[in-house]
Amino acid sequence: MSARPVVVVGDALLDVDVEGTVERMCPDAPAPVLDVGDESARPGGAGLAAALVAGRGAPVRLVTALERDEPGRRLFDLLDGTLDVLAGPAMGGTVVKCRWRTGGRTLLRTDHGRGVPAPRFAARLGLGRVLAGAGAVLVSDYGRGVAADPQVRGALTRAVARGVPVVWDPHPRGPEPVPGVTLATPNLAEARRAVAGPDGTADRVGPELAGRLVELWDARAVAVTLGSGGAVVRHRDGSGSETLAPAVDGGDPCGAGDHFAGGVAAALAAGADVDDAVAEAVREAAGFVERGGGATVRRRGNRWLQAAEPDLVAGTPPSGHRVA
């Protein structure tokens, strides 16, 4: 792993899983009754992406916006001690995504909170210095406004110009990547929407979409992820590669995109080229899904790991953290 940190920039959320059993139906509505047995919380959004990269043993800095409400404090406490958190102020309530589950399946998800960055939230975070020292940058956009902030976009543009590897994981409600990113990683639906526009259709296959998005976004490369089909990469010079995902028996895809994009960023920080980084990340994301996805991620000491994943990497995370 590179000694230079992976810097994750994006919207941090709080994910909560409520687990229980269903043995009866509600008498006054056609709905199951969930007898709650356990509740667990973990970082979500860019917070999960950062935690998963840190779980690999890489030094990680998360640049985000956090509100000082109870869910925001809970989210910060979950991240504290596992990575370096640089957070400006947010408003509208921390976003909490709660999945109500039984037998490994989700019955319902409830969301609350708006979680948008306050104006000029990043003014005191020293973004230029933070990004200049990065081994790679991952923009983990969840459409809440961090990636759209003008100060953030300016700093990312300057990092691209300096040659810092930048991976951009886009969101349908978020902005386009800044020009020149090393790799953008839309899934198939996101790629089709970006090519067609919000009111059109685009039934193109992955290679065509990736090539078109290289032009539209002025990216050095685009990897369109295809779920169980793996990923296809196209570069600015027209070359490319395709990686099939290993067959997975069951599992949960929640968090697979974060695991994939974080894996690419970590590999680039360690010196891999784009095609090799994508191929490695596809294989690792398949294993992540098969082990149960995001629902099985738990904090163990100073790391976030899946329940079935051994802690093979020794070391400690960065000790510094601050909330601006």
# chains A, B, ... in the order shown; residues from 1 in each chain; ligands from 1

$ residues_around --residues "region 182-195 of chain A" --least-positions-apart "4" --cutoff "6 Å" --atoms "only C-alpha atoms" --output "list in words"
Pro165, Val166, Val167, Trp168, Asp169, Pro170, Ala202, Arg220, Ala221, Val222, Ala223, Val224, Thr225 and Leu226 of chain A

$ closest_atom_pairs --of "region 267-306 of chain A" --to "region 97-113 of chain A" --cutoff "12 Å" --atoms "only C-alpha atoms" --output "JSON lines"
{"residue": "A:Arg291", "atom": "CA", "partner": "A:Gly104", "partner_atom": "CA", "distance": 11.7}
{"residue": "A:Gly292", "atom": "CA", "partner": "A:Gly104", "partner_atom": "CA", "distance": 8.5}
{"residue": "A:Gly293", "atom": "CA", "partner": "A:Gly104", "partner_atom": "CA", "distance": 10.7}
{"residue": "A:Gly294", "atom": "CA", "partner": "A:Arg99", "partner_atom": "CA", "distance": 11.3}
{"residue": "A:Ala295", "atom": "CA", "partner": "A:Gly104", "partner_atom": "CA", "distance": 8.7}
{"residue": "A:Thr296", "atom": "CA", "partner": "A:Gly104", "partner_atom": "CA", "distance": 10.0}

$ write_last_selection --atoms "C-alpha atoms" --output "mmCIF file, in the first residue's frame"
data_model
loop_
_atom_site.group_PDB
_atom_site.id
_atom_site.type_symbol
_atom_site.label_atom_id
_atom_site.label_comp_id
_atom_site.auth_asym_id
_atom_site.auth_seq_id
_atom_site.Cartn_x
_atom_site.Cartn_y
_atom_site.Cartn_z
ATOM 1 C CA ARG A 291 -19.928 -12.417 2.126
ATOM 2 C CA GLY A 292 -23.133 -10.456 2.678
ATOM 3 C CA GLY A 293 -22.398 -6.911 1.483
ATOM 4 C CA GLY A 294 -22.674 -3.792 3.594
ATOM 5 C CA ALA A 295 -25.036 -5.379 6.118
ATOM 6 C CA THR A 296 -22.184 -7.544 7.436
#

$ atom_distance --atom1 "CA of Arg74 (chain A)" --atom2 "CA of Pro117 (chain A)"
17.7 Å

$ residues_around --residues "Glu208 (chain A)" --least-positions-apart "5" --cutoff "10 Å" --atoms "only C-alpha atoms" --output "list of chain:residue names"
A:Asp203, A:Leu213, A:Val224, A:Val232, A:Arg234

$ closest_residue --among "A:Arg300, A:Arg158, A:His259, A:Arg120" --to "Ala285 (chain A)" --atoms "only C-alpha atoms"
A:His259

$ residues_around --residues "Gly255 (chain A)" --least-positions-apart "3" --cutoff "12 Å" --atoms "only C-alpha atoms" --output "PyMOL selection string"
chain A and resi 15+42-52+140+227+251-252+258-262+285-297+306

$ closest_residue --among "A:Leu244, A:Cys254, A:Leu83, A:Leu131" --to "Gly229 (chain A)" --atoms "only C-alpha atoms"
A:Leu244

$ atom_distance --atom1 "CA of Trp304 (chain A)" --atom2 "CA of Ala281 (chain A)"
17.7 Å

$ select_by_dssp --residues "region 7-169 of chain A" --states "strand (DSSP E)" --output "ChimeraX atom specification"
/A:7-10,12-25,32-45,60-66,84-91,96-102,105-112,116-117,136-140,166-169

$ select_by_dssp --residues "region 21-115 of chain A" --states "alpha helix (DSSP H)" --output "number ranges by chain"
A: 46-55, 70-79

$ write_last_selection --atoms "C-alpha atoms" --output "PDB file, in the first residue's frame"
ATOM      1  CA  ALA A  46     -18.803   8.296   1.351  1.00  0.00           C
ATOM      2  CA  GLY A  47     -18.328   7.256   4.985  1.00  0.00           C
ATOM      3  CA  LEU A  48     -18.710   3.596   4.039  1.00  0.00           C
ATOM      4  CA  ALA A  49     -16.413   3.989   1.021  1.00  0.00           C
ATOM      5  CA  ALA A  50     -13.746   5.555   3.243  1.00  0.00           C
ATOM      6  CA  ALA A  51     -14.167   2.925   5.968  1.00  0.00           C
ATOM      7  CA  LEU A  52     -13.815   0.082   3.458  1.00  0.00           C
ATOM      8  CA  VAL A  53     -10.611   1.565   2.020  1.00  0.00           C
ATOM      9  CA  ALA A  54      -9.220   2.038   5.533  1.00  0.00           C
ATOM     10  CA  GLY A  55     -10.092  -1.579   6.284  1.00  0.00           C
ATOM     11  CA  GLU A  70     -27.433  13.216  17.363  1.00  0.00           C
ATOM     12  CA  PRO A  71     -27.103  11.087  14.166  1.00  0.00           C
ATOM     13  CA  GLY A  72     -24.179  13.256  13.046  1.00  0.00           C
ATOM     14  CA  ARG A  73     -22.363  12.774  16.348  1.00  0.00           C
ATOM     15  CA  ARG A  74     -23.085   9.054  16.153  1.00  0.00           C
ATOM     16  CA  LEU A  75     -21.653   8.913  12.639  1.00  0.00           C
ATOM     17  CA  PHE A  76     -18.531  10.808  13.677  1.00  0.00           C
ATOM     18  CA  ASP A  77     -18.003   8.470  16.632  1.00  0.00           C
ATOM     19  CA  LEU A  78     -18.262   5.452  14.304  1.00  0.00           C
ATOM     20  CA  LEU A  79     -15.543   6.872  12.052  1.00  0.00           C
TER      21      LEU A  79
END

$ residues_around --residues "region 17-26 of chain A" --least-positions-apart "2" --cutoff "7 Å" --atoms "only C-alpha atoms" --output "number ranges by chain"
A: 15, 28-41, 98-102

$ residues_around --residues "Val160 (chain A)" --least-positions-apart "3" --cutoff "9 Å" --atoms "only C-alpha atoms" --output "PDB file with N, CA and C atoms, in the first residue's frame"
ATOM      1  N   ALA A 155     -10.695  22.744  -6.083  1.00  0.00           N
ATOM      2  CA  ALA A 155      -9.560  22.005  -5.523  1.00  0.00           C
ATOM      3  C   ALA A 155      -9.327  20.697  -6.271  1.00  0.00           C
ATOM      4  N   LEU A 156     -10.407  20.015  -6.641  1.00  0.00           N
ATOM      5  CA  LEU A 156     -10.264  18.771  -7.401  1.00  0.00           C
ATOM      6  C   LEU A 156      -9.687  19.038  -8.788  1.00  0.00           C
ATOM      7  N   THR A 157     -10.100  20.118  -9.422  1.00  0.00           N
ATOM      8  CA  THR A 157      -9.560  20.475 -10.739  1.00  0.00           C
ATOM      9  C   THR A 157      -8.062  20.719 -10.660  1.00  0.00           C
ATOM     10  N   GLY A 163      -1.694  15.990 -11.548  1.00  0.00           N
ATOM     11  CA  GLY A 163      -1.451  14.582 -11.828  1.00  0.00           C
ATOM     12  C   GLY A 163      -1.851  13.634 -10.729  1.00  0.00           C
ATOM     13  N   VAL A 164      -2.610  14.105  -9.728  1.00  0.00           N
ATOM     14  CA  VAL A 164      -3.096  13.211  -8.675  1.00  0.00           C
ATOM     15  C   VAL A 164      -4.168  12.296  -9.271  1.00  0.00           C
ATOM     16  N   PRO A 165      -4.087  10.973  -9.099  1.00  0.00           N
ATOM     17  CA  PRO A 165      -5.136  10.087  -9.614  1.00  0.00           C
ATOM     18  C   PRO A 165      -6.469  10.382  -8.923  1.00  0.00           C
ATOM     19  N   VAL A 166      -7.506  10.641  -9.718  1.00  0.00           N
ATOM     20  CA  VAL A 166      -8.833  10.947  -9.177  1.00  0.00           C
ATOM     21  C   VAL A 166      -9.846   9.971  -9.755  1.00  0.00           C
ATOM     22  N   VAL A 178     -15.316  16.560 -12.669  1.00  0.00           N
ATOM     23  CA  VAL A 178     -14.489  17.637 -13.213  1.00  0.00           C
ATOM     24  C   VAL A 178     -13.690  17.072 -14.381  1.00  0.00           C
ATOM     25  N   PRO A 179     -13.355  17.883 -15.380  1.00  0.00           N
ATOM     26  CA  PRO A 179     -12.618  17.370 -16.543  1.00  0.00           C
ATOM     27  C   PRO A 179     -11.275  16.769 -16.152  1.00  0.00           C
ATOM     28  N   GLY A 180     -10.921  15.684 -16.852  1.00  0.00           N
ATOM     29  CA  GLY A 180      -9.594  15.103 -16.711  1.00  0.00           C
ATOM     30  C   GLY A 180      -9.430  14.073 -15.627  1.00  0.00           C
ATOM     31  N   VAL A 181     -10.520  13.646 -14.976  1.00  0.00           N
ATOM     32  CA  VAL A 181     -10.359  12.642 -13.923  1.00  0.00           C
ATOM     33  C   VAL A 181      -9.746  11.369 -14.499  1.00  0.00           C
ATOM     34  N   THR A 182      -9.016  10.670 -13.667  1.00  0.00           N
ATOM     35  CA  THR A 182      -8.363   9.437 -14.103  1.00  0.00           C
ATOM     36  C   THR A 182      -9.381   8.393 -14.514  1.00  0.00           C
TER      37      THR A 182
END

$ closest_residue --among "A:Val9, A:Ala147, A:Ala307, A:Ala269" --to "Ala87 (chain A)" --atoms "only C-alpha atoms"
A:Val9

$ residues_around --residues "Ser241 (chain A)" --least-positions-apart "3" --cutoff "10 Å" --atoms "only C-alpha atoms" --output "JSON list (two decimals) with all heavy atoms, in the first residue's frame"
[["chain", "number", "residue", "atom", "x", "y", "z"],
["A", 207, "PRO", "N", -19.61, -1.03, -23.45],
["A", 207, "PRO", "CA", -18.46, -0.43, -24.16],
["A", 207, "PRO", "C", -18.80, 0.87, -24.87],
["A", 207, "PRO", "O", -18.03, 1.83, -24.84],
["A", 207, "PRO", "CB", -18.06, -1.52, -25.15],
["A", 207, "PRO", "CG", -18.54, -2.80, -24.53],
["A", 207, "PRO", "CD", -19.80, -2.45, -23.83],
["A", 223, "ALA", "N", -15.10, 3.51, -16.46],
["A", 223, "ALA", "CA", -15.44, 2.11, -16.22],
["A", 223, "ALA", "C", -16.93, 2.04, -15.92],
["A", 223, "ALA", "O", -17.38, 2.58, -14.91],
["A", 223, "ALA", "CB", -14.64, 1.53, -15.06],
["A", 231, "ALA", "N", -17.26, -5.32, -15.28],
["A", 231, "ALA", "CA", -17.07, -3.92, -15.66],
["A", 231, "ALA", "C", -16.36, -3.84, -17.01],
["A", 231, "ALA", "O", -15.58, -4.74, -17.37],
["A", 231, "ALA", "CB", -16.25, -3.18, -14.60],
["A", 232, "VAL", "N", -16.62, -2.75, -17.73],
["A", 232, "VAL", "CA", -15.96, -2.50, -19.00],
["A", 232, "VAL", "C", -15.32, -1.13, -18.95],
["A", 232, "VAL", "O", -15.90, -0.18, -18.43],
["A", 232, "VAL", "CB", -16.96, -2.60, -20.18],
["A", 232, "VAL", "CG1", -18.11, -1.61, -20.01],
["A", 232, "VAL", "CG2", -16.26, -2.39, -21.51],
["A", 233, "VAL", "N", -14.07, -1.04, -19.42],
["A", 233, "VAL", "CA", -13.29, 0.20, -19.36],
["A", 233, "VAL", "C", -13.00, 0.69, -20.78],
["A", 233, "VAL", "O", -12.67, -0.11, -21.67],
["A", 233, "VAL", "CB", -11.94, -0.03, -18.64],
["A", 233, "VAL", "CG1", -11.12, 1.26, -18.61],
["A", 233, "VAL", "CG2", -12.18, -0.55, -17.23],
["A", 234, "ARG", "N", -13.13, 2.00, -20.97],
["A", 234, "ARG", "CA", -12.67, 2.62, -22.20],
["A", 234, "ARG", "C", -11.83, 3.83, -21.85],
["A", 234, "ARG", "O", -12.17, 4.62, -20.96],
["A", 234, "ARG", "CB", -13.85, 3.05, -23.08],
["A", 234, "ARG", "CG", -14.52, 1.88, -23.77],
["A", 234, "ARG", "CD", -13.59, 1.18, -24.75],
["A", 234, "ARG", "NE", -14.18, 0.02, -25.40],
["A", 234, "ARG", "CZ", -14.14, -1.23, -24.94],
["A", 234, "ARG", "NH1", -13.52, -1.48, -23.78],
["A", 234, "ARG", "NH2", -14.68, -2.20, -25.60],
["A", 235, "HIS", "N", -10.70, 3.98, -22.58],
["A", 235, "HIS", "CA", -9.76, 5.07, -22.36],
["A", 235, "HIS", "C", -9.92, 6.13, -23.43],
["A", 235, "HIS", "O", -10.55, 5.91, -24.47],
["A", 235, "HIS", "CB", -8.32, 4.53, -22.38],
["A", 235, "HIS", "CG", -8.02, 3.56, -21.28],
["A", 235, "HIS", "ND1", -7.54, 3.95, -20.05],
["A", 235, "HIS", "CD2", -8.15, 2.20, -21.22],
["A", 235, "HIS", "CE1", -7.36, 2.87, -19.29],
["A", 235, "HIS", "NE2", -7.74, 1.80, -19.98],
["A", 274, "VAL", "N", -4.93, 1.62, -14.55],
["A", 274, "VAL", "CA", -6.39, 1.64, -14.45],
["A", 274, "VAL", "C", -7.00, 0.27, -14.73],
["A", 274, "VAL", "O", -7.86, -0.21, -13.98],
["A", 274, "VAL", "CB", -6.98, 2.70, -15.39],
["A", 274, "VAL", "CG1", -8.48, 2.51, -15.57],
["A", 274, "VAL", "CG2", -6.69, 4.10, -14.86],
["A", 275, "ASP", "N", -6.56, -0.39, -15.80],
["A", 275, "ASP", "CA", -7.18, -1.67, -16.16],
["A", 275, "ASP", "C", -6.95, -2.73, -15.09],
["A", 275, "ASP", "O", -7.86, -3.49, -14.74],
["A", 275, "ASP", "CB", -6.64, -2.15, -17.52],
["A", 275, "ASP", "CG", -7.07, -1.24, -18.65],
["A", 275, "ASP", "OD1", -8.28, -1.19, -18.94],
["A", 275, "ASP", "OD2", -6.20, -0.56, -19.24],
["A", 276, "ASP", "N", -5.73, -2.79, -14.56],
["A", 276, "ASP", "CA", -5.45, -3.76, -13.50],
["A", 276, "ASP", "C", -6.21, -3.41, -12.23],
["A", 276, "ASP", "O", -6.71, -4.31, -11.52],
["A", 276, "ASP", "CB", -3.95, -3.80, -13.21],
["A", 276, "ASP", "CG", -3.15, -4.49, -14.31],
["A", 276, "ASP", "OD1", -3.77, -5.19, -15.15],
["A", 276, "ASP", "OD2", -1.92, -4.32, -14.35],
["A", 278, "VAL", "N", -9.12, -1.88, -12.00],
["A", 278, "VAL", "CA", -10.53, -2.23, -12.18],
["A", 278, "VAL", "C", -10.72, -3.74, -12.09],
["A", 278, "VAL", "O", -11.66, -4.22, -11.44],
["A", 278, "VAL", "CB", -11.04, -1.70, -13.54],
["A", 278, "VAL", "CG1", -12.40, -2.31, -13.89],
["A", 278, "VAL", "CG2", -11.13, -0.18, -13.50],
["A", 279, "ALA", "N", -9.84, -4.51, -12.73],
["A", 279, "ALA", "CA", -9.97, -5.97, -12.68],
["A", 279, "ALA", "C", -9.89, -6.49, -11.25],
["A", 279, "ALA", "O", -10.69, -7.35, -10.83],
["A", 279, "ALA", "CB", -8.89, -6.61, -13.55]]

$ decode --residues "region 111-145 of chain A" --atoms "N, CA, C and O atoms" --output "short mmCIF file (atom, residue, chain, number, x, y, z; two decimals), in the first residue's frame"
data_model
loop_
_atom_site.label_atom_id
_atom_site.label_comp_id
_atom_site.auth_asym_id
_atom_site.auth_seq_id
_atom_site.Cartn_x
_atom_site.Cartn_y
_atom_site.Cartn_z
N ASP A 111 -35.83 6.57 5.04
CA ASP A 111 -34.80 7.61 4.98
C ASP A 111 -35.31 8.87 5.65
O ASP A 111 -36.49 9.22 5.50
N HIS A 112 -34.43 9.54 6.38
CA HIS A 112 -34.78 10.87 6.84
C HIS A 112 -33.53 11.72 6.96
O HIS A 112 -32.41 11.21 7.06
N GLY A 113 -33.72 13.03 6.91
CA GLY A 113 -32.61 13.97 6.92
C GLY A 113 -32.26 14.43 5.52
O GLY A 113 -32.37 13.67 4.56
N ARG A 114 -31.84 15.69 5.41
CA ARG A 114 -31.46 16.25 4.10
C ARG A 114 -29.96 16.27 3.92
O ARG A 114 -29.46 16.05 2.83
N GLY A 115 -29.22 16.56 4.97
CA GLY A 115 -27.78 16.42 4.99
C GLY A 115 -27.03 17.13 3.89
O GLY A 115 -26.20 16.51 3.23
N VAL A 116 -27.26 18.43 3.69
CA VAL A 116 -26.54 19.17 2.66
C VAL A 116 -25.44 20.01 3.30
O VAL A 116 -25.57 20.48 4.43
N PRO A 117 -24.33 20.22 2.59
CA PRO A 117 -23.25 21.04 3.17
C PRO A 117 -23.68 22.49 3.30
O PRO A 117 -24.40 23.03 2.44
N ALA A 118 -23.26 23.14 4.37
CA ALA A 118 -23.50 24.56 4.53
C ALA A 118 -22.69 25.34 3.49
O ALA A 118 -21.67 24.84 2.98
N PRO A 119 -23.12 26.55 3.14
CA PRO A 119 -22.33 27.35 2.20
C PRO A 119 -20.88 27.51 2.66
O PRO A 119 -20.61 27.73 3.83
N ARG A 120 -19.96 27.32 1.73
CA ARG A 120 -18.52 27.42 2.01
C ARG A 120 -18.11 26.48 3.14
O ARG A 120 -17.25 26.80 3.97
N PHE A 121 -18.70 25.29 3.16
CA PHE A 121 -18.42 24.34 4.25
C PHE A 121 -16.95 23.95 4.30
O PHE A 121 -16.43 23.58 5.36
N ALA A 122 -16.27 23.99 3.15
CA ALA A 122 -14.89 23.49 3.09
C ALA A 122 -13.85 24.59 3.27
O ALA A 122 -12.65 24.32 3.14
N ALA A 123 -14.28 25.80 3.63
CA ALA A 123 -13.35 26.93 3.65
C ALA A 123 -12.20 26.74 4.61
O ALA A 123 -11.09 27.25 4.38
N ARG A 124 -12.42 26.02 5.70
CA ARG A 124 -11.37 25.88 6.73
C ARG A 124 -10.70 24.51 6.72
O ARG A 124 -9.99 24.16 7.66
N LEU A 125 -10.91 23.72 5.67
CA LEU A 125 -10.39 22.34 5.66
C LEU A 125 -9.03 22.20 5.00
O LEU A 125 -8.45 21.11 5.03
N GLY A 126 -8.52 23.24 4.39
CA GLY A 126 -7.21 23.15 3.74
C GLY A 126 -7.19 22.14 2.60
O GLY A 126 -6.27 21.33 2.49
N LEU A 127 -8.22 22.22 1.73
CA LEU A 127 -8.37 21.20 0.68
C LEU A 127 -7.17 21.11 -0.25
O LEU A 127 -6.79 20.02 -0.66
N GLY A 128 -6.59 22.26 -0.60
CA GLY A 128 -5.45 22.22 -1.51
C GLY A 128 -4.32 21.38 -0.97
O GLY A 128 -3.76 20.52 -1.67
N ARG A 129 -3.98 21.60 0.29
CA ARG A 129 -2.90 20.83 0.92
C ARG A 129 -3.28 19.36 1.05
O ARG A 129 -2.47 18.46 0.80
N VAL A 130 -4.54 19.08 1.45
CA VAL A 130 -4.98 17.70 1.64
C VAL A 130 -4.92 16.92 0.33
O VAL A 130 -4.41 15.80 0.29
N LEU A 131 -5.42 17.51 -0.75
CA LEU A 131 -5.44 16.79 -2.02
C LEU A 131 -4.05 16.68 -2.64
O LEU A 131 -3.74 15.69 -3.30
N ALA A 132 -3.21 17.69 -2.42
CA ALA A 132 -1.84 17.64 -2.97
C ALA A 132 -1.05 16.49 -2.37
O ALA A 132 -0.17 15.92 -3.02
N GLY A 133 -1.37 16.11 -1.13
CA GLY A 133 -0.64 15.03 -0.47
C GLY A 133 -1.25 13.66 -0.66
O GLY A 133 -0.80 12.69 -0.03
N ALA A 134 -2.26 13.55 -1.52
CA ALA A 134 -2.96 12.28 -1.67
C ALA A 134 -2.24 11.33 -2.62
O ALA A 134 -1.68 11.74 -3.63
N GLY A 135 -2.29 10.03 -2.29
CA GLY A 135 -1.85 9.01 -3.23
C GLY A 135 -2.88 8.81 -4.32
O GLY A 135 -2.55 8.50 -5.47
N ALA A 136 -4.15 9.00 -3.98
CA ALA A 136 -5.27 8.99 -4.92
C ALA A 136 -6.44 9.65 -4.23
O ALA A 136 -6.50 9.72 -2.99
N VAL A 137 -7.40 10.12 -5.03
CA VAL A 137 -8.61 10.74 -4.51
C VAL A 137 -9.81 9.95 -5.03
O VAL A 137 -9.87 9.62 -6.22
N LEU A 138 -10.75 9.65 -4.15
CA LEU A 138 -12.02 9.06 -4.54
C LEU A 138 -13.12 10.07 -4.24
O LEU A 138 -13.31 10.47 -3.08
N VAL A 139 -13.86 10.48 -5.27
CA VAL A 139 -15.04 11.31 -5.09
C VAL A 139 -16.23 10.37 -5.01
O VAL A 139 -16.62 9.76 -6.00
N SER A 140 -16.78 10.24 -3.82
CA SER A 140 -17.91 9.34 -3.57
C SER A 140 -19.16 10.20 -3.45
O SER A 140 -19.54 10.64 -2.37
N ASP A 141 -19.81 10.44 -4.59
CA ASP A 141 -20.92 11.39 -4.65
C ASP A 141 -22.23 10.68 -4.37
O ASP A 141 -22.57 9.70 -5.04
N TYR A 142 -22.96 11.18 -3.37
CA TYR A 142 -24.29 10.67 -3.07
C TYR A 142 -25.37 11.74 -3.28
O TYR A 142 -26.45 11.67 -2.72
N GLY A 143 -25.05 12.72 -4.12
CA GLY A 143 -26.04 13.68 -4.56
C GLY A 143 -26.50 14.68 -3.52
O GLY A 143 -27.55 15.32 -3.70
N ARG A 144 -25.75 14.85 -2.43
CA ARG A 144 -26.17 15.77 -1.37
C ARG A 144 -25.46 17.12 -1.45
O ARG A 144 -25.81 18.01 -0.68
N GLY A 145 -24.47 17.26 -2.31
CA GLY A 145 -23.91 18.57 -2.55
C GLY A 145 -22.43 18.75 -2.31
O GLY A 145 -21.87 19.77 -2.72
#
